[in-house]
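Below: the structure, in structure tokens.
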Amino acid sequence: MRNFLGVIILIYLSLTYSCVRIGRELPQNPEKGGVLAIGITQDFESLIPSFPSTRQDNSIFDLIYYPLIRVEKNKVYPGIASEWEFSEDLKTITFYLRKDAKWHDGKPVTASDFIFAYKLIISPNSNSLLKGNFRFVKNIEKISDYVLKIEFTHPYSSQLIDCEIYPLPEHILKEIPDIRTSDFLFKPIGNGPYKVIEYIKGDRLVLEKFNEFFEKTGFVDRIVFKIYDTPQDVAEALKMDLIDIGFSLIPDVVMDGLRNFDKGKIKNYESNRVIFIGWNLKKEVFNNIKFRKIFSGLLNVDSIIKNVFKGYAVKAKSIIPPSIWAYDSTLKDLEKTETQELISILAEYGYTNRKPFVINILYDNTQELYRRIAEDIKKGLEKTGLMKINLLALSPVEFFSKLISSDFDIFLLSYPLNEKVDLSPLLSTGGIFNFMGYSNKKVDSLLNLSMMTLNRKNAKKMLSSLQKMLQSELPVTPLIVPQEIFAFSERIKNLENYASGLVISNLDLVWIPSANRKERVSFEIKKEIL
């Protein structure tokens, strides 16, 4: 018999993350068949869920793989685990796996596949972004092929969410020394509703329905992700009916290229990421909080929202976006500063109009909006006559190499958050994304305690204190919370139910009426040669 406190805590956990023991809601009377064509601008960095991308949406994993449990918008659905139960002390969760789940080669999915993926992520040589998800995991044990037990150091509010583990096929990968340099990286064997049948780097990814998938989803026969050079190309392909859905859209494209788009709909939703400036706190001048505040106070974020985002963004006051439960709505805008304050602080370091302070802004050259943000910042700050701003657009590899080696002044980046609100990788001492070199024992404590508590109200109080400290110290300067924009053809059914950030994850639930399907020979845009 569980003690009374244990029962109360268990009920709290269930309410905090609604445990929906039935599957996702299926559309009524969908027609099966057809090809769904999707336009994007960024190539895939990985098709292995244990090593997600640092720069792009990783929802593609939900089509190729199926996790232990599935978490969407604060709800927990069964995945490969059809049922689970907590121990009396709430430190252990036992999962009961489906016996009809299969890998795309027909082999059964077992507890060993989850343990294999877990060990790969936490291995000493792993640089997986998911490593921190398991910092409170004490042990994962195989009870049988279809029973898996996860033991934690203590119960905490996002304990169940941390069990959203994607398996990897041990029978295929156990003899491969480094999966990230193997063919499996882009030719994976998954266990989800769709399997990879073709991947051409820089061109396309083709998925085909896996007929032995245990859920009755996957209504279209094939999903093709066509990789275009620019957002403008995506919009053009959409207007030419070469694709059904266009992602990677930017405000200019919506305002101009899709102004008269009448074959479907354009949707936008508030992003779960904040675009920010990161400071090299190991360098002189940048390690001066007074300078960071003056610099940040001179930025004209309203200009960026108007000129770069065309209104499809809001000003960020925190590294946590307003759409996340932990956001502190009492935060004020950063205090505006005057040029005279900049003159005074730079004079202390020997900089004048005749000897302006040079700042290099680094950004990822695959991010068109970052380029425009950087140009707007440069234009505004160089008007002071006290600073010269150099813009360094680097490839993703060069960009992160510079950040890791602290070879930068400031950089532009975004940090996505989910319901777990784990800021440790970005802000804790030694965090994997803490390129700034920021270290604050109080912040470390708040980050840790907010993750460990069972009470979300307490967690929010801690994270509110954290946000106020960050606004005071500015290891990063929050700039923009962008809107995510996509457009789709009117022929696509059941897409709008997921138009708030879960589109790709749920493409196995959309369908195309047979009368409206398109037969496409090519997805290439024919451009005039001048």
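Chain labels follow the order of the structure tokens: the first chain is A, the next B, and so on; residue numbering restarts at 1 in every chain, and ligands are counted from 1 in their shown order.
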Residue neighbourhood segment 471-481 of chain A, 9 Å, only C-alpha atoms, exclusion window fewer than 3 positions, as a count of residues only: 41
Contact residues around Pro27 of chain A with only C-alpha atoms at 9 Å, ignoring same-chain residues under 4 positions, as a list of chain:residue names: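 Contacts, with the query itself left out: A:Asn494, A:Leu509, A:Val510, A:Trp511.
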Which of segment 16-116 of chain A DSSP labels alpha helix (DSSP H), written as a ChimeraX atom specification: /A:16,61-64,111-116
May I have the selected residues written with all heavy atoms, as a short mmCIF file (atom, residue, chain, number, x, y, z; two decimals), in the first residue's frame?
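Listed below is the output, result_8.cif:
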data_model
loop_
_atom_site.label_atom_id
_atom_site.label_comp_id
_atom_site.auth_asym_id
_atom_site.auth_seq_id
_atom_site.Cartn_x
_atom_site.Cartn_y
_atom_site.Cartn_z
N THR A 16 0.24 16.94 -13.76
CA THR A 16 1.21 17.83 -14.38
C THR A 16 1.44 17.46 -15.84
O THR A 16 1.50 18.30 -16.72
CB THR A 16 2.54 17.77 -13.61
OG1 THR A 16 2.30 18.13 -12.25
CG2 THR A 16 3.55 18.74 -14.20
N PHE A 61 12.29 12.75 -36.65
CA PHE A 61 12.47 11.49 -35.93
C PHE A 61 11.13 10.81 -35.66
O PHE A 61 11.06 9.57 -35.63
CB PHE A 61 13.18 11.73 -34.60
CG PHE A 61 14.58 12.29 -34.74
CD1 PHE A 61 15.07 13.20 -33.83
CD2 PHE A 61 15.39 11.91 -35.79
CE1 PHE A 61 16.34 13.72 -33.95
CE2 PHE A 61 16.68 12.42 -35.93
CZ PHE A 61 17.15 13.33 -34.99
N ASP A 62 10.08 11.59 -35.45
CA ASP A 62 8.78 11.01 -35.09
C ASP A 62 8.14 10.25 -36.25
O ASP A 62 7.19 9.49 -36.04
CB ASP A 62 7.83 12.10 -34.60
CG ASP A 62 8.23 12.65 -33.25
OD1 ASP A 62 8.74 11.86 -32.44
OD2 ASP A 62 8.07 13.85 -33.01
N LEU A 63 8.62 10.47 -37.45
CA LEU A 63 8.11 9.72 -38.60
C LEU A 63 8.88 8.42 -38.79
O LEU A 63 8.31 7.41 -39.22
CB LEU A 63 8.20 10.57 -39.87
CG LEU A 63 7.37 11.85 -39.89
CD1 LEU A 63 7.61 12.61 -41.18
CD2 LEU A 63 5.89 11.55 -39.72
N ILE A 64 10.17 8.43 -38.48
CA ILE A 64 11.03 7.28 -38.75
C ILE A 64 11.14 6.35 -37.55
O ILE A 64 11.33 5.15 -37.70
CB ILE A 64 12.44 7.77 -39.18
CG1 ILE A 64 12.32 8.71 -40.39
CG2 ILE A 64 13.34 6.60 -39.53
CD1 ILE A 64 13.61 9.41 -40.75
N ALA A 111 13.31 -4.39 -25.13
CA ALA A 111 13.89 -3.54 -24.09
C ALA A 111 15.37 -3.29 -24.35
O ALA A 111 15.89 -2.21 -24.02
CB ALA A 111 13.69 -4.21 -22.72
N SER A 112 16.05 -4.25 -24.94
CA SER A 112 17.49 -4.10 -25.21
C SER A 112 17.78 -2.92 -26.13
O SER A 112 18.83 -2.28 -26.04
CB SER A 112 18.04 -5.39 -25.84
OG SER A 112 17.92 -6.47 -24.96
N ASP A 113 16.85 -2.63 -27.04
CA ASP A 113 17.05 -1.53 -27.99
C ASP A 113 17.01 -0.18 -27.29
O ASP A 113 17.72 0.76 -27.69
CB ASP A 113 15.98 -1.59 -29.08
CG ASP A 113 16.06 -2.87 -29.90
OD1 ASP A 113 17.18 -3.26 -30.27
OD2 ASP A 113 15.00 -3.48 -30.16
N PHE A 114 16.21 -0.06 -26.24
CA PHE A 114 16.17 1.18 -25.47
C PHE A 114 17.42 1.33 -24.60
O PHE A 114 17.97 2.43 -24.47
CB PHE A 114 14.91 1.23 -24.60
CG PHE A 114 13.65 1.38 -25.39
CD1 PHE A 114 12.88 0.28 -25.73
CD2 PHE A 114 13.23 2.64 -25.82
CE1 PHE A 114 11.72 0.42 -26.48
CE2 PHE A 114 12.07 2.79 -26.57
CZ PHE A 114 11.31 1.67 -26.90
N ILE A 115 17.86 0.25 -24.02
CA ILE A 115 19.07 0.28 -23.20
C ILE A 115 20.28 0.61 -24.07
O ILE A 115 21.16 1.38 -23.67
CB ILE A 115 19.27 -1.07 -22.47
CG1 ILE A 115 18.13 -1.26 -21.46
CG2 ILE A 115 20.62 -1.12 -21.78
CD1 ILE A 115 18.15 -2.61 -20.77
N PHE A 116 20.32 0.06 -25.28
CA PHE A 116 21.42 0.34 -26.20
C PHE A 116 21.47 1.83 -26.53
O PHE A 116 22.55 2.46 -26.49
CB PHE A 116 21.24 -0.47 -27.49
CG PHE A 116 22.31 -0.24 -28.51
CD1 PHE A 116 23.51 -0.92 -28.46
CD2 PHE A 116 22.11 0.69 -29.54
CE1 PHE A 116 24.51 -0.69 -29.40
CE2 PHE A 116 23.10 0.93 -30.48
CZ PHE A 116 24.30 0.24 -30.42
#
DSSP strand (DSSP E or B) selection over segment 221-430 of chain A, as an MDAnalysis selection string: chainID A and resid 222:227 245:249 264:270 273:279 313:315 357:364 387:394 410:416
Exercise: segment 247-259 of chain A partners within 7 Å, only C-alpha atoms, chain neighbours under 5 positions left out, as a list in words: Gly39, Ile40, Thr41, Pro231, Gln232, Ala235, Phe309, Lys310, Tyr312, Ile485, Phe486 and Ala487 of chain A
Using only N, CA and C atoms, please write the residues we just selected to a file, as a tab-separated table (two decimals), in the first residue's frame.
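Everything below was put into out_4.tsv:
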chain	number	residue	atom	x	y	z
A	39	GLY	N	8.44	21.13	-48.97
A	39	GLY	CA	9.61	21.95	-49.28
A	39	GLY	C	10.25	22.51	-48.02
A	40	ILE	N	11.58	22.35	-47.92
A	40	ILE	CA	12.35	22.88	-46.81
A	40	ILE	C	13.63	23.52	-47.36
A	41	THR	N	14.38	24.22	-46.52
A	41	THR	CA	15.62	24.84	-47.00
A	41	THR	C	16.86	24.29	-46.31
A	231	PRO	N	14.14	30.25	-49.02
A	231	PRO	CA	12.71	30.31	-48.73
A	231	PRO	C	11.89	30.78	-49.92
A	232	GLN	N	12.48	31.65	-50.73
A	232	GLN	CA	11.80	32.12	-51.94
A	232	GLN	C	11.51	30.95	-52.89
A	235	ALA	N	8.55	28.98	-51.61
A	235	ALA	CA	7.30	29.66	-51.94
A	235	ALA	C	6.95	29.49	-53.41
A	309	PHE	N	11.46	41.11	-39.49
A	309	PHE	CA	10.40	40.12	-39.28
A	309	PHE	C	9.03	40.60	-39.76
A	310	LYS	N	8.95	41.84	-40.21
A	310	LYS	CA	7.68	42.36	-40.73
A	310	LYS	C	6.52	42.17	-39.75
A	312	TYR	N	6.25	39.65	-37.65
A	312	TYR	CA	6.09	38.24	-37.28
A	312	TYR	C	7.06	37.86	-36.15
A	485	ILE	N	6.52	30.17	-39.57
A	485	ILE	CA	5.55	30.34	-40.65
A	485	ILE	C	5.64	29.17	-41.63
A	486	PHE	N	4.50	28.64	-42.02
A	486	PHE	CA	4.46	27.62	-43.06
A	486	PHE	C	3.17	27.80	-43.86
A	487	ALA	N	3.14	27.20	-45.03
A	487	ALA	CA	1.96	27.29	-45.89
A	487	ALA	C	1.69	25.91	-46.48
Between atom CA of Leu362 of chain A and atom CA of Gly385 of chain A, distance in Å (one decimal):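 Atom-to-atom, atom CA of Leu362 of chain A and atom CA of Gly385 of chain A are spaced 20.9 Å apart.
The spacing separating atom CA of Gly297 of chain A from atom CA of Lys336 of chain A amounts to 4.3 Å.
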Neighbour list for Tyr96 of chain A as a PyMOL selection string, cut-off 8 Å, only C-alpha atoms, skip fewer than 4 positions in-chain: chain A and resi 81-84+146-148
Restrict the calculation to only C-alpha atoms, then for each residue of segment 402-508 of chain A with any atom at most 12 Å from an atom of segment 183-201 of chain A give the closest atom pair and their distance in Å to one decimal, rows by chain and rising residue number, as CSV.
residue,atom,partner,partner_atom,distance
A:Ser505,CA,A:Pro193,CA,10.9
A:Asn506,CA,A:Pro193,CA,10.4
A:Leu507,CA,A:Pro193,CA,9.8
A:Asp508,CA,A:Pro193,CA,6.9
Export of the given selection (N, CA and C atoms) as a PDB file, in the first residue's frame:
ATOM      1  N   SER A 505       5.723  16.208 -36.822  1.00  0.00           N
ATOM      2  CA  SER A 505       5.559  15.041 -35.946  1.00  0.00           C
ATOM      3  C   SER A 505       4.301  14.250 -36.263  1.00  0.00           C
ATOM      4  N   ASN A 506       3.299  14.924 -36.802  1.00  0.00           N
ATOM      5  CA  ASN A 506       1.999  14.267 -37.027  1.00  0.00           C
ATOM      6  C   ASN A 506       1.635  14.135 -38.507  1.00  0.00           C
ATOM      7  N   LEU A 507       2.632  14.150 -39.372  1.00  0.00           N
ATOM      8  CA  LEU A 507       2.337  13.985 -40.797  1.00  0.00           C
ATOM      9  C   LEU A 507       1.787  12.599 -41.117  1.00  0.00           C
ATOM     10  N   ASP A 508       1.986  11.660 -40.206  1.00  0.00           N
ATOM     11  CA  ASP A 508       1.405  10.331 -40.437  1.00  0.00           C
ATOM     12  C   ASP A 508      -0.106  10.336 -40.242  1.00  0.00           C
TER      13      ASP A 508
END
For Ser450 of chain A, the nearest of the candidates A:Leu391, A:Ile69, A:Leu502, A:Ala326, counting only C-alpha atoms: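 Going through A:Leu391, A:Ile69, A:Leu502, A:Ala326 one by one, the smallest distance to Ser450 of chain A is for A:Ala326.
Ranking A:Lys420, A:Lys461, A:Lys267, A:Lys290 by their shortest atom-to-atom distance to Ser344 of chain A, with only C-alpha atoms included, puts A:Lys290 first.
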Within 12 Å of Lys379 of chain A using only C-alpha atoms, minus same-chain residues under 4 positions, as a list in words: Leu298, Leu299, Asn300, Ser303, Ile304, Arg372, Ile373, Ala374, Glu375, Lys383, Thr384, Gly385, Met387, Lys388, Ile389, Asn390 and Leu391 of chain A
Keeping only N, CA and C atoms, write the selected residues to a file as an mmCIF file, in the first residue's frame.
data_model
loop_
_atom_site.group_PDB
_atom_site.id
_atom_site.type_symbol
_atom_site.label_atom_id
_atom_site.label_comp_id
_atom_site.auth_asym_id
_atom_site.auth_seq_id
_atom_site.Cartn_x
_atom_site.Cartn_y
_atom_site.Cartn_z
ATOM 1 N N LEU A 298 21.184 49.975 -26.231
ATOM 2 C CA LEU A 298 21.249 50.752 -27.473
ATOM 3 C C LEU A 298 20.619 50.020 -28.655
ATOM 4 N N LEU A 299 20.375 48.733 -28.488
ATOM 5 C CA LEU A 299 19.812 47.951 -29.593
ATOM 6 C C LEU A 299 18.365 48.353 -29.861
ATOM 7 N N ASN A 300 18.051 48.528 -31.112
ATOM 8 C CA ASN A 300 16.687 48.892 -31.509
ATOM 9 C C ASN A 300 15.957 47.629 -31.968
ATOM 10 N N SER A 303 13.046 47.964 -34.377
ATOM 11 C CA SER A 303 13.449 48.091 -35.781
ATOM 12 C C SER A 303 13.638 46.714 -36.409
ATOM 13 N N ILE A 304 14.243 45.799 -35.649
ATOM 14 C CA ILE A 304 14.446 44.435 -36.157
ATOM 15 C C ILE A 304 13.107 43.753 -36.418
ATOM 16 N N ARG A 372 20.099 39.152 -41.499
ATOM 17 C CA ARG A 372 19.360 40.420 -41.503
ATOM 18 C C ARG A 372 19.350 41.067 -40.119
ATOM 19 N N ILE A 373 19.255 40.245 -39.082
ATOM 20 C CA ILE A 373 19.328 40.785 -37.721
ATOM 21 C C ILE A 373 20.686 41.441 -37.501
ATOM 22 N N ALA A 374 21.743 40.739 -37.895
ATOM 23 C CA ALA A 374 23.099 41.260 -37.708
ATOM 24 C C ALA A 374 23.295 42.566 -38.475
ATOM 25 N N GLU A 375 22.758 42.635 -39.687
ATOM 26 C CA GLU A 375 22.900 43.863 -40.482
ATOM 27 C C GLU A 375 22.158 45.027 -39.830
ATOM 28 N N LYS A 383 26.110 53.985 -36.110
ATOM 29 C CA LYS A 383 25.713 55.390 -36.118
ATOM 30 C C LYS A 383 26.331 56.166 -34.953
ATOM 31 N N THR A 384 26.683 55.443 -33.897
ATOM 32 C CA THR A 384 27.284 56.110 -32.741
ATOM 33 C C THR A 384 28.683 56.625 -33.058
ATOM 34 N N GLY A 385 29.333 56.046 -34.064
ATOM 35 C CA GLY A 385 30.694 56.441 -34.404
ATOM 36 C C GLY A 385 31.738 55.899 -33.453
ATOM 37 N N MET A 387 31.822 52.469 -32.531
ATOM 38 C CA MET A 387 32.032 51.038 -32.740
ATOM 39 C C MET A 387 32.053 50.708 -34.219
ATOM 40 N N LYS A 388 32.883 49.746 -34.561
ATOM 41 C CA LYS A 388 32.876 49.186 -35.903
ATOM 42 C C LYS A 388 32.433 47.733 -35.766
ATOM 43 N N ILE A 389 31.399 47.379 -36.496
ATOM 44 C CA ILE A 389 30.822 46.035 -36.395
ATOM 45 C C ILE A 389 31.173 45.228 -37.637
ATOM 46 N N ASN A 390 31.852 44.116 -37.434
ATOM 47 C CA ASN A 390 32.139 43.185 -38.525
ATOM 48 C C ASN A 390 31.189 41.998 -38.426
ATOM 49 N N LEU A 391 30.603 41.629 -39.544
ATOM 50 C CA LEU A 391 29.687 40.487 -39.579
ATOM 51 C C LEU A 391 30.406 39.285 -40.178
#
Could you name the residues that touch Ala459 of chain A at 10 Å or less, counting only C-alpha atoms, but leaving out those on the same chain fewer than 2 positions away, as an mmCIF file with all heavy atoms, in the first residue's frame?
data_model
loop_
_atom_site.group_PDB
_atom_site.id
_atom_site.type_symbol
_atom_site.label_atom_id
_atom_site.label_comp_id
_atom_site.auth_asym_id
_atom_site.auth_seq_id
_atom_site.Cartn_x
_atom_site.Cartn_y
_atom_site.Cartn_z
ATOM 1 N N SER A 157 9.304 16.456 -11.214
ATOM 2 C CA SER A 157 8.095 16.739 -11.991
ATOM 3 C C SER A 157 8.196 16.302 -13.448
ATOM 4 O O SER A 157 7.198 15.926 -14.046
ATOM 5 C CB SER A 157 7.750 18.236 -11.916
ATOM 6 O OG SER A 157 8.788 19.019 -12.466
ATOM 7 N N ALA A 326 6.963 28.600 -17.758
ATOM 8 C CA ALA A 326 7.891 29.169 -16.777
ATOM 9 C C ALA A 326 8.206 30.643 -17.029
ATOM 10 O O ALA A 326 8.919 31.266 -16.237
ATOM 11 C CB ALA A 326 9.195 28.366 -16.779
ATOM 12 N N VAL A 421 11.597 22.744 -19.710
ATOM 13 C CA VAL A 421 12.309 23.988 -19.384
ATOM 14 C C VAL A 421 13.657 23.697 -18.721
ATOM 15 O O VAL A 421 13.907 24.066 -17.570
ATOM 16 C CB VAL A 421 11.470 24.922 -18.482
ATOM 17 C CG1 VAL A 421 12.099 26.306 -18.439
ATOM 18 C CG2 VAL A 421 10.041 25.027 -18.971
ATOM 19 N N LEU A 446 19.676 27.266 -8.785
ATOM 20 C CA LEU A 446 18.287 27.441 -9.224
ATOM 21 C C LEU A 446 17.948 26.501 -10.374
ATOM 22 O O LEU A 446 16.850 25.929 -10.423
ATOM 23 C CB LEU A 446 18.042 28.890 -9.631
ATOM 24 C CG LEU A 446 17.957 29.916 -8.493
ATOM 25 C CD1 LEU A 446 17.948 31.332 -9.051
ATOM 26 C CD2 LEU A 446 16.706 29.671 -7.647
ATOM 27 N N LEU A 447 18.874 26.343 -11.310
ATOM 28 C CA LEU A 447 18.650 25.441 -12.433
ATOM 29 C C LEU A 447 18.443 24.012 -11.934
ATOM 30 O O LEU A 447 17.540 23.297 -12.376
ATOM 31 C CB LEU A 447 19.839 25.486 -13.394
ATOM 32 C CG LEU A 447 19.983 26.741 -14.256
ATOM 33 C CD1 LEU A 447 21.331 26.751 -14.963
ATOM 34 C CD2 LEU A 447 18.849 26.826 -15.269
ATOM 35 N N LEU A 449 17.648 22.940 -8.780
ATOM 36 C CA LEU A 449 16.492 22.788 -7.909
ATOM 37 C C LEU A 449 15.174 22.844 -8.686
ATOM 38 O O LEU A 449 14.224 22.134 -8.364
ATOM 39 C CB LEU A 449 16.498 23.871 -6.819
ATOM 40 C CG LEU A 449 17.585 23.727 -5.750
ATOM 41 C CD1 LEU A 449 17.600 24.948 -4.838
ATOM 42 C CD2 LEU A 449 17.382 22.458 -4.931
ATOM 43 N N SER A 450 15.117 23.696 -9.716
ATOM 44 C CA SER A 450 13.885 23.794 -10.514
ATOM 45 C C SER A 450 13.602 22.505 -11.257
ATOM 46 O O SER A 450 12.448 22.174 -11.540
ATOM 47 C CB SER A 450 13.981 24.959 -11.503
ATOM 48 O OG SER A 450 14.949 24.714 -12.504
ATOM 49 N N MET A 451 14.673 21.755 -11.581
ATOM 50 C CA MET A 451 14.491 20.477 -12.258
ATOM 51 C C MET A 451 14.126 19.363 -11.272
ATOM 52 O O MET A 451 13.449 18.406 -11.626
ATOM 53 C CB MET A 451 15.791 20.089 -12.988
ATOM 54 C CG MET A 451 16.144 20.996 -14.150
ATOM 55 S SD MET A 451 14.876 20.984 -15.423
ATOM 56 C CE MET A 451 14.865 19.264 -15.855
ATOM 57 N N MET A 452 14.568 19.488 -10.021
ATOM 58 C CA MET A 452 14.407 18.413 -9.056
ATOM 59 C C MET A 452 13.064 18.435 -8.328
ATOM 60 O O MET A 452 12.624 17.421 -7.796
ATOM 61 C CB MET A 452 15.535 18.469 -8.020
ATOM 62 C CG MET A 452 16.898 18.129 -8.593
ATOM 63 S SD MET A 452 18.235 18.380 -7.399
ATOM 64 C CE MET A 452 17.783 17.200 -6.138
ATOM 65 N N THR A 453 12.424 19.611 -8.295
ATOM 66 C CA THR A 453 11.200 19.724 -7.506
ATOM 67 C C THR A 453 10.034 18.977 -8.145
ATOM 68 O O THR A 453 9.966 18.818 -9.363
ATOM 69 C CB THR A 453 10.812 21.200 -7.318
ATOM 70 O OG1 THR A 453 9.626 21.277 -6.517
ATOM 71 C CG2 THR A 453 10.534 21.875 -8.659
ATOM 72 N N LEU A 454 9.119 18.532 -7.292
ATOM 73 C CA LEU A 454 7.898 17.890 -7.770
ATOM 74 C C LEU A 454 6.794 18.905 -8.015
ATOM 75 O O LEU A 454 5.789 18.604 -8.643
ATOM 76 C CB LEU A 454 7.407 16.873 -6.725
ATOM 77 C CG LEU A 454 8.091 15.507 -6.735
ATOM 78 C CD1 LEU A 454 7.730 14.736 -5.491
ATOM 79 C CD2 LEU A 454 7.708 14.724 -7.976
ATOM 80 N N ASN A 455 6.976 20.113 -7.509
ATOM 81 C CA ASN A 455 5.926 21.128 -7.536
ATOM 82 C C ASN A 455 6.227 22.173 -8.612
ATOM 83 O O ASN A 455 7.206 22.907 -8.520
ATOM 84 C CB ASN A 455 5.842 21.796 -6.155
ATOM 85 C CG ASN A 455 4.621 22.691 -6.020
ATOM 86 O OD1 ASN A 455 4.336 23.484 -6.918
ATOM 87 N ND2 ASN A 455 3.926 22.568 -4.910
ATOM 88 N N ARG A 456 5.374 22.238 -9.633
ATOM 89 C CA ARG A 456 5.631 23.163 -10.732
ATOM 90 C C ARG A 456 5.548 24.620 -10.281
ATOM 91 O O ARG A 456 6.256 25.473 -10.799
ATOM 92 C CB ARG A 456 4.658 22.903 -11.892
ATOM 93 C CG ARG A 456 4.886 23.839 -13.055
ATOM 94 C CD ARG A 456 4.049 23.488 -14.257
ATOM 95 N NE ARG A 456 4.702 22.496 -15.076
ATOM 96 C CZ ARG A 456 4.315 22.209 -16.320
ATOM 97 N NH1 ARG A 456 3.280 22.826 -16.856
ATOM 98 N NH2 ARG A 456 4.945 21.293 -17.025
ATOM 99 N N LYS A 457 4.691 24.915 -9.306
ATOM 100 C CA LYS A 457 4.610 26.287 -8.804
ATOM 101 C C LYS A 457 5.933 26.714 -8.187
ATOM 102 O O LYS A 457 6.396 27.839 -8.391
ATOM 103 C CB LYS A 457 3.481 26.418 -7.783
ATOM 104 C CG LYS A 457 2.092 26.378 -8.386
ATOM 105 C CD LYS A 457 1.023 26.624 -7.328
ATOM 106 C CE LYS A 457 -0.365 26.626 -7.961
ATOM 107 N NZ LYS A 457 -1.426 26.856 -6.933
ATOM 108 N N LYS A 461 8.611 29.664 -9.500
ATOM 109 C CA LYS A 461 9.192 30.700 -8.644
ATOM 110 C C LYS A 461 10.712 30.736 -8.793
ATOM 111 O O LYS A 461 11.323 31.801 -8.881
ATOM 112 C CB LYS A 461 8.819 30.443 -7.181
ATOM 113 C CG LYS A 461 7.373 30.744 -6.836
ATOM 114 C CD LYS A 461 7.091 30.450 -5.368
ATOM 115 C CE LYS A 461 5.623 30.712 -5.036
ATOM 116 N NZ LYS A 461 5.333 30.377 -3.604
ATOM 117 N N MET A 462 11.314 29.563 -8.809
ATOM 118 C CA MET A 462 12.765 29.482 -8.965
ATOM 119 C C MET A 462 13.204 30.023 -10.317
ATOM 120 O O MET A 462 14.172 30.777 -10.427
ATOM 121 C CB MET A 462 13.227 28.036 -8.810
ATOM 122 C CG MET A 462 13.013 27.443 -7.439
ATOM 123 S SD MET A 462 13.451 25.685 -7.422
ATOM 124 C CE MET A 462 12.644 25.153 -5.922
ATOM 125 N N LEU A 463 12.475 29.632 -11.369
ATOM 126 C CA LEU A 463 12.832 30.084 -12.709
ATOM 127 C C LEU A 463 12.538 31.567 -12.896
ATOM 128 O O LEU A 463 13.181 32.242 -13.703
ATOM 129 C CB LEU A 463 12.099 29.244 -13.755
ATOM 130 C CG LEU A 463 12.566 27.785 -13.827
ATOM 131 C CD1 LEU A 463 11.648 26.961 -14.712
ATOM 132 C CD2 LEU A 463 14.002 27.709 -14.336
ATOM 133 N N SER A 464 11.574 32.107 -12.152
ATOM 134 C CA SER A 464 11.326 33.541 -12.173
ATOM 135 C C SER A 464 12.516 34.284 -11.565
ATOM 136 O O SER A 464 12.987 35.288 -12.113
ATOM 137 C CB SER A 464 10.046 33.863 -11.409
ATOM 138 O OG SER A 464 9.811 35.256 -11.376
ATOM 139 N N SER A 465 12.999 33.795 -10.431
ATOM 140 C CA SER A 465 14.193 34.382 -9.813
ATOM 141 C C SER A 465 15.381 34.295 -10.755
ATOM 142 O O SER A 465 16.174 35.235 -10.877
ATOM 143 C CB SER A 465 14.523 33.661 -8.500
ATOM 144 O OG SER A 465 13.490 33.808 -7.560
#
